[in-house]
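Structure data follow from structure-v7.cif (mmCIF, C-alpha atoms):
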data_upload
#
loop_
_atom_site.label_atom_id
_atom_site.label_comp_id
_atom_site.auth_asym_id
_atom_site.auth_seq_id
_atom_site.Cartn_x
_atom_site.Cartn_y
_atom_site.Cartn_z
CA MET A 1 -92.14 -106.55 -26.24
CA ALA A 2 -90.79 -104.50 -29.12
CA ARG A 3 -88.24 -106.04 -31.45
CA ARG A 4 -84.75 -104.58 -31.26
CA PHE A 5 -82.57 -103.90 -34.30
CA VAL A 6 -79.07 -102.59 -34.82
CA VAL A 7 -78.52 -100.51 -37.97
CA GLU A 8 -74.93 -100.18 -39.10
CA ALA A 9 -74.47 -97.68 -41.91
CA ASP A 10 -71.65 -96.10 -43.84
CA GLY A 11 -70.97 -94.05 -46.93
CA GLY A 12 -67.93 -93.10 -48.92
CA SER A 13 -66.71 -90.95 -51.76
CA ARG A 14 -63.66 -91.59 -53.90
CA GLY A 15 -62.65 -87.97 -54.30
CA ASN A 16 -64.86 -86.11 -51.78
CA PRO A 17 -66.72 -85.11 -53.84
CA GLY A 18 -66.36 -87.97 -56.27
CA PRO A 19 -67.97 -91.30 -57.16
CA ALA A 20 -69.91 -92.18 -54.02
CA GLY A 21 -72.02 -94.91 -52.51
CA TYR A 22 -73.53 -96.07 -49.25
CA GLY A 23 -74.22 -99.32 -47.46
CA ALA A 24 -76.31 -100.35 -44.46
CA VAL A 25 -77.23 -103.56 -42.70
CA VAL A 26 -80.03 -104.27 -40.25
CA LEU A 27 -79.06 -106.79 -37.55
CA ASP A 28 -81.12 -108.62 -34.97
CA ALA A 29 -79.97 -107.03 -31.70
CA GLU A 30 -80.17 -110.33 -29.82
CA THR A 31 -78.49 -112.71 -32.28
CA GLY A 32 -76.51 -110.40 -34.55
CA GLU A 33 -78.16 -112.07 -37.56
CA PRO A 34 -78.28 -109.86 -40.70
CA LEU A 35 -81.92 -109.23 -41.55
CA ALA A 36 -81.53 -106.84 -44.50
CA GLU A 37 -78.77 -105.25 -46.55
CA VAL A 38 -79.08 -102.11 -48.66
CA ALA A 39 -76.47 -100.32 -50.76
CA GLU A 40 -76.43 -97.95 -53.71
CA TYR A 41 -74.04 -96.09 -55.97
CA ILE A 42 -75.25 -92.46 -55.91
CA GLY A 43 -72.99 -90.79 -58.46
CA THR A 44 -70.86 -87.79 -57.51
CA ALA A 45 -71.28 -86.76 -53.87
CA THR A 46 -69.33 -86.01 -50.70
CA ASN A 47 -68.54 -88.46 -47.91
CA ASN A 48 -71.04 -86.80 -45.59
CA VAL A 49 -73.90 -86.94 -48.10
CA ALA A 50 -73.15 -90.63 -48.72
CA GLU A 51 -73.09 -91.31 -44.97
CA TYR A 52 -76.46 -89.64 -44.47
CA LYS A 53 -77.88 -91.57 -47.44
CA GLY A 54 -76.67 -94.78 -45.80
CA LEU A 55 -78.34 -93.83 -42.53
CA ILE A 56 -81.65 -93.07 -44.29
CA ALA A 57 -81.57 -96.36 -46.20
CA GLY A 58 -80.78 -98.32 -43.04
CA LEU A 59 -83.60 -96.72 -41.06
CA ARG A 60 -86.07 -97.32 -43.89
CA ALA A 61 -85.03 -100.97 -44.04
CA ALA A 62 -85.54 -101.31 -40.29
CA TYR A 63 -88.92 -99.58 -40.49
CA ALA A 64 -90.01 -101.93 -43.28
CA LEU A 65 -89.16 -104.92 -41.07
CA ASP A 66 -91.01 -103.57 -38.03
CA PRO A 67 -92.24 -99.95 -37.68
CA ALA A 68 -92.46 -100.36 -33.88
CA ALA A 69 -88.94 -101.74 -33.36
CA GLU A 70 -86.34 -100.13 -31.12
CA VAL A 71 -83.32 -99.23 -33.24
CA ARG A 72 -79.72 -98.50 -32.28
CA VAL A 73 -77.78 -96.85 -35.10
CA ARG A 74 -74.04 -97.51 -35.11
CA MET A 75 -71.80 -95.48 -37.44
CA ASP A 76 -68.16 -94.43 -37.58
CA SER A 77 -69.15 -90.93 -38.73
CA LYS A 78 -68.77 -88.66 -35.71
CA LEU A 79 -70.51 -85.86 -37.64
CA VAL A 80 -73.68 -87.83 -38.41
CA ILE A 81 -73.93 -89.39 -34.95
CA GLU A 82 -73.49 -86.08 -33.12
CA GLN A 83 -75.88 -84.20 -35.41
CA MET A 84 -78.59 -86.88 -35.25
CA SER A 85 -78.18 -87.08 -31.47
CA GLY A 86 -78.83 -83.33 -31.30
CA ARG A 87 -75.48 -82.45 -29.76
CA TRP A 88 -74.18 -80.71 -32.87
CA LYS A 89 -76.09 -78.33 -35.13
CA VAL A 90 -76.62 -79.25 -38.78
CA LYS A 91 -75.07 -76.23 -40.45
CA HIS A 92 -74.33 -77.36 -44.02
CA PRO A 93 -77.30 -76.74 -46.40
CA ASP A 94 -76.74 -80.11 -48.12
CA MET A 95 -77.04 -81.94 -44.79
CA ARG A 96 -80.16 -80.28 -43.38
CA PRO A 97 -82.76 -81.96 -45.64
CA LEU A 98 -81.00 -85.31 -45.24
CA ALA A 99 -81.00 -85.03 -41.45
CA ALA A 100 -84.67 -84.01 -41.50
CA GLU A 101 -85.52 -86.98 -43.74
CA ALA A 102 -83.71 -89.39 -41.41
CA LYS A 103 -85.48 -87.99 -38.34
CA ALA A 104 -88.90 -88.35 -39.97
CA ILE A 105 -88.63 -92.09 -40.66
CA MET A 106 -89.18 -93.29 -37.09
CA PRO A 107 -90.29 -91.55 -33.88
CA PRO A 108 -87.27 -90.10 -32.02
CA GLY A 109 -87.87 -92.25 -28.94
CA GLN A 110 -87.38 -95.43 -30.97
CA VAL A 111 -83.92 -94.56 -32.32
CA ALA A 112 -80.62 -94.18 -30.43
CA TYR A 113 -77.24 -93.31 -31.93
CA GLU A 114 -73.79 -94.68 -31.11
CA TRP A 115 -70.38 -93.84 -32.59
CA ILE A 116 -68.12 -96.82 -33.26
CA PRO A 117 -64.54 -97.05 -34.58
CA ARG A 118 -64.18 -97.72 -38.29
CA GLU A 119 -62.90 -101.27 -37.73
CA GLN A 120 -66.22 -102.12 -36.04
CA ASN A 121 -68.22 -100.92 -39.04
CA LYS A 122 -66.72 -103.28 -41.61
CA HIS A 123 -70.02 -104.78 -42.81
CA ALA A 124 -71.53 -101.44 -43.85
CA ASP A 125 -68.19 -100.23 -45.20
CA ARG A 126 -67.95 -103.34 -47.38
CA LEU A 127 -71.46 -102.77 -48.73
CA ALA A 128 -70.68 -99.14 -49.57
CA ASN A 129 -67.54 -100.16 -51.45
CA GLU A 130 -69.41 -102.94 -53.25
CA ALA A 131 -71.95 -100.36 -54.39
CA MET A 132 -69.23 -97.99 -55.62
CA ASP A 133 -67.48 -100.84 -57.43
CA ALA A 134 -70.75 -101.87 -59.07
CA GLY A 135 -71.40 -98.29 -60.12
CA LYS A 136 -67.94 -98.08 -61.67
CA ARG A 137 -68.81 -101.14 -63.76
CA GLY A 138 -72.16 -99.60 -64.73
CA GLU A 139 -74.04 -102.24 -62.76
CA GLN A 140 -76.63 -102.31 -59.98
CA TRP A 141 -75.49 -103.60 -56.59
CA GLN A 142 -77.15 -106.91 -55.70
CA PRO A 143 -78.27 -107.71 -52.11
CA ASN A 144 -77.26 -110.97 -50.44
CA VAL A 145 -79.69 -110.61 -47.54
CA PRO A 146 -83.36 -110.18 -48.45
CA PRO A 147 -85.47 -108.08 -46.05
CA GLY A 148 -86.40 -110.24 -43.07
CA GLY A 149 -84.38 -113.19 -44.40
CA THR A 150 -81.02 -114.84 -44.21
CA PRO A 151 -78.01 -114.52 -46.54
CA THR A 152 -78.54 -116.04 -49.97
CA ALA A 153 -76.04 -117.38 -52.43
CA GLY A 154 -75.80 -115.20 -55.49
CA ALA A 155 -78.16 -112.63 -56.94
CA PRO A 156 -81.66 -113.53 -58.21
CA GLU A 157 -82.69 -113.22 -61.82
CA SER A 158 -84.04 -109.92 -63.14
CA ALA A 159 -87.76 -109.37 -63.15
CA ALA A 160 -89.64 -108.93 -66.41
CA PRO A 161 -90.71 -105.35 -67.19
CA ALA A 162 -94.30 -104.30 -66.63
CA ASP A 163 -96.20 -103.18 -69.69
CA ASP A 164 -98.60 -100.83 -67.92
CA ALA A 165 -97.72 -97.84 -65.76
CA LEU A 166 -100.37 -98.80 -63.19
CA ALA A 167 -99.56 -102.50 -63.16
CA GLU A 168 -97.21 -103.79 -60.50
CA PRO A 169 -93.90 -102.79 -62.11
CA ALA A 170 -90.74 -104.80 -62.25
CA ALA A 171 -88.22 -103.77 -59.61
CA THR A 172 -85.75 -101.27 -60.99
CA GLY A 173 -83.88 -99.41 -58.25
CA ALA A 174 -81.07 -97.41 -59.86
CA PRO A 175 -80.66 -98.15 -63.58
CA ALA A 176 -78.04 -100.67 -64.63
CA VAL A 177 -76.41 -101.18 -68.05
CA GLY A 178 -78.96 -100.81 -70.84
CA TRP A 179 -81.58 -99.64 -68.28
CA GLY A 180 -81.93 -103.22 -67.07
CA SER A 181 -83.38 -103.99 -63.66
CA ALA A 182 -82.21 -105.75 -60.54
CA ASP A 183 -84.74 -107.97 -58.78
CA LEU A 184 -85.44 -106.15 -55.52
CA GLY A 185 -88.79 -107.83 -55.02
CA THR A 186 -92.22 -106.49 -55.87
CA PRO A 187 -92.37 -102.82 -54.84
CA ALA A 188 -95.11 -101.04 -52.97
CA THR A 189 -96.82 -99.04 -55.73
CA PHE A 190 -98.86 -95.96 -54.84
CA VAL A 191 -101.35 -94.89 -57.48
CA LEU A 192 -102.01 -91.25 -56.60
CA LEU A 193 -105.49 -89.95 -57.41
CA ARG A 194 -106.32 -86.31 -56.97
CA HIS A 195 -109.96 -85.91 -55.91
CA GLY A 196 -112.60 -84.75 -58.39
CA GLU A 197 -113.68 -81.14 -58.77
CA THR A 198 -115.44 -79.22 -56.01
CA PRO A 199 -117.28 -75.91 -56.52
CA LEU A 200 -114.01 -74.15 -55.62
CA THR A 201 -111.82 -76.00 -58.14
CA PRO A 202 -112.75 -74.19 -61.40
CA GLU A 203 -112.50 -70.85 -59.58
CA LYS A 204 -108.90 -71.74 -58.58
CA ARG A 205 -109.44 -70.90 -54.92
CA PHE A 206 -107.21 -72.05 -52.10
CA SER A 207 -108.96 -75.09 -50.64
CA GLY A 208 -107.03 -76.86 -47.92
CA SER A 209 -107.73 -78.60 -44.65
CA GLY A 210 -108.59 -75.43 -42.75
CA GLY A 211 -111.56 -74.26 -44.80
CA THR A 212 -115.15 -75.34 -45.38
CA ASP A 213 -114.33 -78.94 -46.45
CA PRO A 214 -116.39 -78.86 -49.67
CA GLY A 215 -117.74 -82.00 -51.29
CA LEU A 216 -117.65 -82.91 -54.96
CA SER A 217 -119.61 -80.90 -57.51
CA ASP A 218 -121.70 -82.62 -60.21
CA VAL A 219 -118.64 -82.47 -62.46
CA GLY A 220 -116.49 -83.94 -59.70
CA ARG A 221 -118.88 -86.83 -59.13
CA HIS A 222 -118.83 -87.59 -62.86
CA GLN A 223 -115.02 -87.50 -62.83
CA ALA A 224 -114.95 -89.90 -59.87
CA GLU A 225 -117.13 -92.38 -61.74
CA ARG A 226 -114.93 -92.11 -64.84
CA VAL A 227 -111.73 -92.77 -62.93
CA ALA A 228 -113.41 -95.62 -61.03
CA ALA A 229 -114.30 -97.27 -64.32
CA ALA A 230 -110.77 -96.83 -65.64
CA LEU A 231 -109.20 -98.34 -62.52
CA ALA A 232 -111.66 -101.25 -62.57
CA ALA A 233 -110.68 -101.97 -66.17
CA ARG A 234 -106.99 -102.05 -65.23
CA GLY A 235 -107.67 -104.39 -62.33
CA THR A 236 -104.45 -103.70 -60.41
CA ILE A 237 -105.64 -101.83 -57.29
CA GLN A 238 -105.50 -103.98 -54.14
CA ALA A 239 -106.33 -101.43 -51.43
CA ILE A 240 -107.66 -97.87 -51.12
CA VAL A 241 -106.43 -95.20 -48.70
CA THR A 242 -107.85 -91.69 -48.56
CA SER A 243 -107.39 -88.28 -47.03
CA PRO A 244 -110.01 -87.58 -44.34
CA LEU A 245 -111.41 -84.58 -46.23
CA ARG A 246 -114.86 -84.92 -47.76
CA ARG A 247 -113.90 -84.43 -51.42
CA CYS A 248 -111.39 -87.27 -51.20
CA ARG A 249 -113.66 -89.59 -49.26
CA GLU A 250 -116.42 -89.12 -51.84
CA THR A 251 -113.96 -89.82 -54.67
CA ALA A 252 -112.58 -92.87 -52.85
CA ASP A 253 -116.07 -94.21 -52.16
CA ALA A 254 -116.93 -94.06 -55.86
CA VAL A 255 -113.84 -96.13 -56.69
CA ALA A 256 -114.41 -98.52 -53.77
CA ARG A 257 -117.96 -99.28 -54.90
CA ARG A 258 -116.72 -100.18 -58.38
CA LEU A 259 -113.76 -102.25 -57.12
CA GLY A 260 -115.47 -103.88 -54.14
CA LEU A 261 -112.79 -102.70 -51.70
CA ASP A 262 -112.86 -101.06 -48.28
CA VAL A 263 -111.45 -97.58 -47.71
CA ARG A 264 -108.88 -96.74 -45.05
CA VAL A 265 -108.47 -93.10 -43.89
CA GLU A 266 -104.94 -91.73 -43.43
CA GLU A 267 -104.82 -88.36 -41.65
CA GLY A 268 -101.39 -87.50 -43.05
CA LEU A 269 -102.78 -87.33 -46.60
CA ARG A 270 -104.90 -84.24 -45.91
CA GLU A 271 -104.27 -81.05 -47.87
CA THR A 272 -102.22 -78.10 -46.56
CA ASP A 273 -103.96 -75.78 -44.11
CA PHE A 274 -103.88 -72.48 -45.99
CA GLY A 275 -104.85 -70.39 -42.97
CA ALA A 276 -106.45 -67.04 -43.82
CA TRP A 277 -106.08 -67.77 -47.53
CA GLU A 278 -108.73 -70.52 -47.50
CA GLY A 279 -111.42 -69.77 -50.10
CA LEU A 280 -109.45 -66.93 -51.73
CA THR A 281 -108.02 -66.81 -55.23
CA PHE A 282 -104.33 -66.21 -55.81
CA ALA A 283 -105.12 -62.68 -56.99
CA GLU A 284 -107.11 -61.97 -53.82
CA VAL A 285 -104.27 -63.21 -51.62
CA LYS A 286 -101.79 -61.10 -53.56
CA GLU A 287 -103.97 -58.04 -53.02
CA ARG A 288 -104.67 -58.61 -49.31
CA HIS A 289 -101.40 -60.23 -48.13
CA PRO A 290 -98.71 -59.33 -50.68
CA GLU A 291 -95.70 -59.60 -48.37
CA ASP A 292 -96.87 -62.90 -46.85
CA LEU A 293 -97.47 -64.35 -50.30
CA GLU A 294 -94.05 -63.30 -51.55
CA ALA A 295 -92.36 -64.86 -48.52
CA TRP A 296 -94.40 -68.08 -48.95
CA LEU A 297 -93.39 -68.39 -52.60
CA ALA A 298 -89.73 -67.87 -51.67
CA SER A 299 -89.43 -70.43 -48.86
CA SER A 300 -91.00 -73.80 -48.05
CA LYS A 301 -90.62 -72.98 -44.35
CA VAL A 302 -93.02 -70.01 -44.46
CA ALA A 303 -96.67 -70.64 -43.54
CA PRO A 304 -99.65 -68.83 -45.08
CA THR A 305 -101.18 -65.89 -43.23
CA GLY A 306 -103.12 -66.71 -40.10
CA GLY A 307 -101.41 -69.84 -38.81
CA GLY A 308 -101.55 -72.14 -41.80
CA GLU A 309 -99.08 -74.92 -42.60
CA SER A 310 -95.74 -74.44 -44.33
CA PHE A 311 -94.82 -76.83 -47.13
CA ALA A 312 -91.94 -78.02 -44.94
CA ALA A 313 -94.45 -79.08 -42.27
CA VAL A 314 -96.61 -80.80 -44.88
CA THR A 315 -93.56 -82.63 -46.22
CA ARG A 316 -92.78 -84.04 -42.78
CA ARG A 317 -96.23 -85.48 -42.21
CA VAL A 318 -96.59 -86.75 -45.78
CA ALA A 319 -93.19 -88.49 -45.54
CA LEU A 320 -94.24 -90.14 -42.27
CA SER A 321 -97.48 -91.37 -43.84
CA ARG A 322 -95.57 -92.57 -46.91
CA ASP A 323 -93.18 -94.66 -44.83
CA LYS A 324 -96.00 -96.10 -42.73
CA LEU A 325 -97.96 -97.07 -45.84
CA ILE A 326 -94.90 -98.54 -47.58
CA ALA A 327 -94.39 -100.83 -44.59
CA ARG A 328 -98.08 -101.78 -44.45
CA TYR A 329 -98.48 -102.44 -48.17
CA THR A 330 -95.13 -103.95 -49.15
CA GLY A 331 -95.44 -105.58 -52.57
CA ARG A 332 -98.99 -104.30 -53.17
CA THR A 333 -100.59 -101.69 -55.43
CA VAL A 334 -102.54 -99.13 -53.41
CA LEU A 335 -104.72 -96.22 -54.49
CA LEU A 336 -104.07 -93.07 -52.44
CA VAL A 337 -106.87 -90.54 -52.88
CA THR A 338 -105.49 -87.19 -51.84
CA HIS A 339 -104.78 -83.59 -52.85
CA VAL A 340 -102.44 -81.43 -54.92
CA THR A 341 -99.80 -80.76 -52.26
CA PRO A 342 -99.46 -84.33 -50.91
CA ILE A 343 -99.23 -85.76 -54.45
CA LYS A 344 -96.66 -83.21 -55.58
CA THR A 345 -94.72 -83.81 -52.37
CA LEU A 346 -94.61 -87.58 -52.92
CA VAL A 347 -93.45 -87.03 -56.50
CA ARG A 348 -90.83 -84.47 -55.42
CA LEU A 349 -89.43 -86.74 -52.73
CA ALA A 350 -89.32 -89.70 -55.13
CA LEU A 351 -87.27 -87.64 -57.58
CA GLY A 352 -85.08 -86.05 -54.92
CA ALA A 353 -86.13 -82.65 -56.29
CA PRO A 354 -85.97 -79.34 -54.37
CA PRO A 355 -89.03 -77.76 -52.69
CA GLU A 356 -89.57 -75.22 -55.46
CA THR A 357 -90.53 -78.14 -57.71
CA LEU A 358 -93.98 -77.96 -56.10
CA PHE A 359 -94.71 -74.87 -58.18
CA ARG A 360 -93.57 -76.52 -61.42
CA MET A 361 -96.01 -79.43 -61.69
CA GLU A 362 -99.56 -79.47 -63.04
CA LEU A 363 -102.11 -81.77 -61.40
CA SER A 364 -105.61 -81.83 -62.83
CA ALA A 365 -108.70 -82.82 -60.85
CA ALA A 366 -109.22 -86.61 -60.92
CA SER A 367 -105.76 -87.13 -62.46
CA LEU A 368 -103.64 -90.22 -61.82
CA SER A 369 -99.94 -90.41 -60.96
CA ALA A 370 -97.93 -93.38 -59.71
CA VAL A 371 -94.76 -93.99 -57.69
CA ALA A 372 -93.16 -97.36 -56.93
CA TYR A 373 -91.08 -97.89 -53.77
CA TYR A 374 -88.42 -100.61 -53.67
CA ALA A 375 -86.79 -102.64 -50.91
CA ASP A 376 -83.49 -100.76 -51.22
CA GLY A 377 -85.13 -97.39 -50.47
CA ASN A 378 -85.26 -96.21 -54.08
CA ALA A 379 -88.40 -94.83 -55.68
CA SER A 380 -89.48 -94.68 -59.32
CA LEU A 381 -91.97 -92.21 -60.78
CA ARG A 382 -94.16 -94.25 -63.13
CA LEU A 383 -96.86 -91.77 -64.14
CA LEU A 384 -97.76 -88.10 -63.70
CA ASN A 385 -101.06 -86.25 -64.24
CA GLU A 386 -102.73 -88.89 -66.44
CA THR A 387 -106.21 -87.70 -67.50
CA ALA A 388 -107.01 -89.89 -70.53
CA HIS A 389 -109.88 -91.51 -68.60
CA LEU A 390 -111.67 -88.14 -68.46
CA ARG A 391 -111.68 -87.57 -72.21
#

Output the structure of this file as structure tokens.
Amino acid sequence: MARRFVVEADGGSRGNPGPAGYGAVVLDAETGEPLAEVAEYIGTATNNVAEYKGLIAGLRAAYALDPAAEVRVRMDSKLVIEQMSGRWKVKHPDMRPLAAEAKAIMPPGQVAYEWIPREQNKHADRLANEAMDAGKRGEQWQPNVPPGGTPTAGAPESAAPADDALAEPAATGAPAVGWGSADLGTPATFVLLRHGETPLTPEKRFSGSGGTDPGLSDVGRHQAERVAAALAARGTIQAIVTSPLRRCRETADAVARRLGLDVRVEEGLRETDFGAWEGLTFAEVKERHPEDLEAWLASSKVAPTGGGESFAAVTRRVALSRDKLIARYTGRTVLLVTHVTPIKTLVRLALGAPPETLFRMELSAASLSAVAYYADGNASLRLLNETAHLR
């Protein structure tokens, strides 16, 4: 029988917009016992943005405890409850990506929404105000209920900083005074490896999940061995997960042989399906499908010619895979062998950056990036496009 949780969430802004924060608590539905608390000062924002942030953090905390749990969300925000229940449209442009992010955390059938009066949401309201008070002091809010645990007395000591970007980093969450760190437990750290070169890579051709599925070239195989040696020397990788496409599986296998680890395939890490553009250069697409290309560059919701995937669709499946892997590998350092779009998407989401950021990052073949994910729902970009191991 599936576990049942209650998520109570709230957010507030002292000014609307003004200094804002959120709070959420995950309760055991049977006993009412607090299982996890999350809260964060988020700077200047509106009440509604803070409320959605609280919802997202609460759902992520519930997912981390049990991805298969049945969840009832209780909030005193009529707007959020009605929009997430599908009875009201999400009209405000600031709310749409937040609502989409919340919906992607758990399957719709597992989550139900209930409006409650403000006086019944005191726990989450208190957490949100604690976070705003801490932010006003220039401090990081400290949890009293560790994930899956019971209330503790006082906050734990800060963790020591890591001295390597690919080592398991100290928990940081949002920065406190002097860029110190709150101890939020060991994060799940994803080391993101773009596959080695294929014959299409140096020609800069669109190569997604809807094309010929090329393997590594001789150069790509050499790159895979170089990165495998570099990761073996660091000694921090504890598991390997790969896209199902051949170029990633070959790259992952090279690393797995060196590290003595098994490889798990994650379908959500596959590259974008570029439709009719597969195998073409950018110049060829511009010549053959100029209007489609212009529309694609202007909006993440537009798919390539011929039934490919939009970046918005890719973001949804990558975010679902991310959350599933965070729950599976809590506190561990995992190598994800994947492609340009999934890596850029994970980086963009970690930074809270807009979709157009995808066109403003460079990712070389066989490059390494790293993102750490903390218990409070925060993420920290640790590394981007590292290629020293190839030189």

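The environment of Leu216 (chain A) within 9 Å, counting only C-alpha atoms and disregarding residues fewer than 2 places along the same chain, consists of His195, Gly196, Glu197, Thr198, Pro199, Pro214, Asp218, Val219, Gly220, Arg221, Ala224, Arg246, Arg247, Cys248, Glu250 and Thr251 of chain A.
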
Rows by chain and residue number, region 14-126 of chain A within 8 Å of region 316-333 of chain A, shortest pair, all atoms listed in the file, as a tab-separated table:
residue	atom	partner	partner_atom	distance
A:Arg60	CA	A:Asp323	CA	7.6
A:Tyr63	CA	A:Ala327	CA	6.9
A:Ala64	CA	A:Ala327	CA	4.7
A:Leu65	CA	A:Ala327	CA	7.5
A:Asp66	CA	A:Ala327	CA	7.9
A:Pro67	CA	A:Ala327	CA	7.3
A:Glu101	CA	A:Arg316	CA	7.9
A:Ala104	CA	A:Leu320	CA	6.1
A:Ile105	CA	A:Leu320	CA	6.2
A:Met106	CA	A:Leu320	CA	7.9

From the options A:Phe311, A:Trp141, A:Tyr373, A:Phe206, which residue's atoms come nearest to Phe282 (chain A), counting only C-alpha atoms?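 The answer is A:Phe206, which sits nearest to Phe282 (chain A).
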
Separation of CA of Thr46 (chain A) from CA of Arg14 (chain A) in Å: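 One can read the CA of Arg14 (chain A) to CA of Thr46 (chain A) distance as 8.6 Å.
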
Which is closer to Ala239 (chain A) than all the others in A:Ala112, A:Ala313, A:Leu335, A:Leu200, using all atoms listed in the file? A:Leu335

The residue from A:Thr315, A:Ser300, A:Ser364, A:Thr31 with the smallest atom-to-atom distance to Lys204 (chain A), counting all atoms listed in the file, is A:Ser364

Interatomic distance between CA of Leu79 (chain A) and CA of Asp28 (chain A)?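 One can read the CA of Leu79 (chain A) to CA of Asp28 (chain A) distance as 25.3 Å.
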
Surrounding residues of Asp133 (chain A) excluding itself and chain neighbours under 5 positions, 9 Å, only C-alpha atoms, as a PDB file with C-alpha atoms, keeping the file's coordinate frame:
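Output (part07.pdb):
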ATOM      1  CA  GLY A  21     -72.020 -94.910 -52.510  1.00  0.00           C
ATOM      2  CA  TYR A  41     -74.040 -96.090 -55.970  1.00  0.00           C
ATOM      3  CA  ALA A 128     -70.680 -99.140 -49.570  1.00  0.00           C
ATOM      4  CA  GLY A 138     -72.160 -99.600 -64.730  1.00  0.00           C
ATOM      5  CA  GLU A 139     -74.040-102.240 -62.760  1.00  0.00           C
ATOM      6  CA  TRP A 141     -75.490-103.600 -56.590  1.00  0.00           C
TER       7      TRP A 141
END

Atom pair CA of Gly210 (chain A) / CA of Phe274 (chain A): separation (Å):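 For CA of Gly210 (chain A) relative to CA of Phe274 (chain A), the distance reads 6.4 Å.
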
Let me make sure I understand: among A:Arg382, A:Leu390, A:Pro354, A:Trp115, which one has the smallest atom-to-atom distance to Ala229 (chain A) if we use all atoms listed in the file?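 Going through A:Arg382, A:Leu390, A:Pro354, A:Trp115 one by one, the smallest distance to Ala229 (chain A) is for A:Leu390.
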
Restricting the calculation to all atoms listed in the file: of A:Val6, A:Ala188, A:Leu59, A:Ala100, which residue gets closest to Glu114 (chain A)?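 Among the listed residues, A:Val6 lies closest to Glu114 (chain A).
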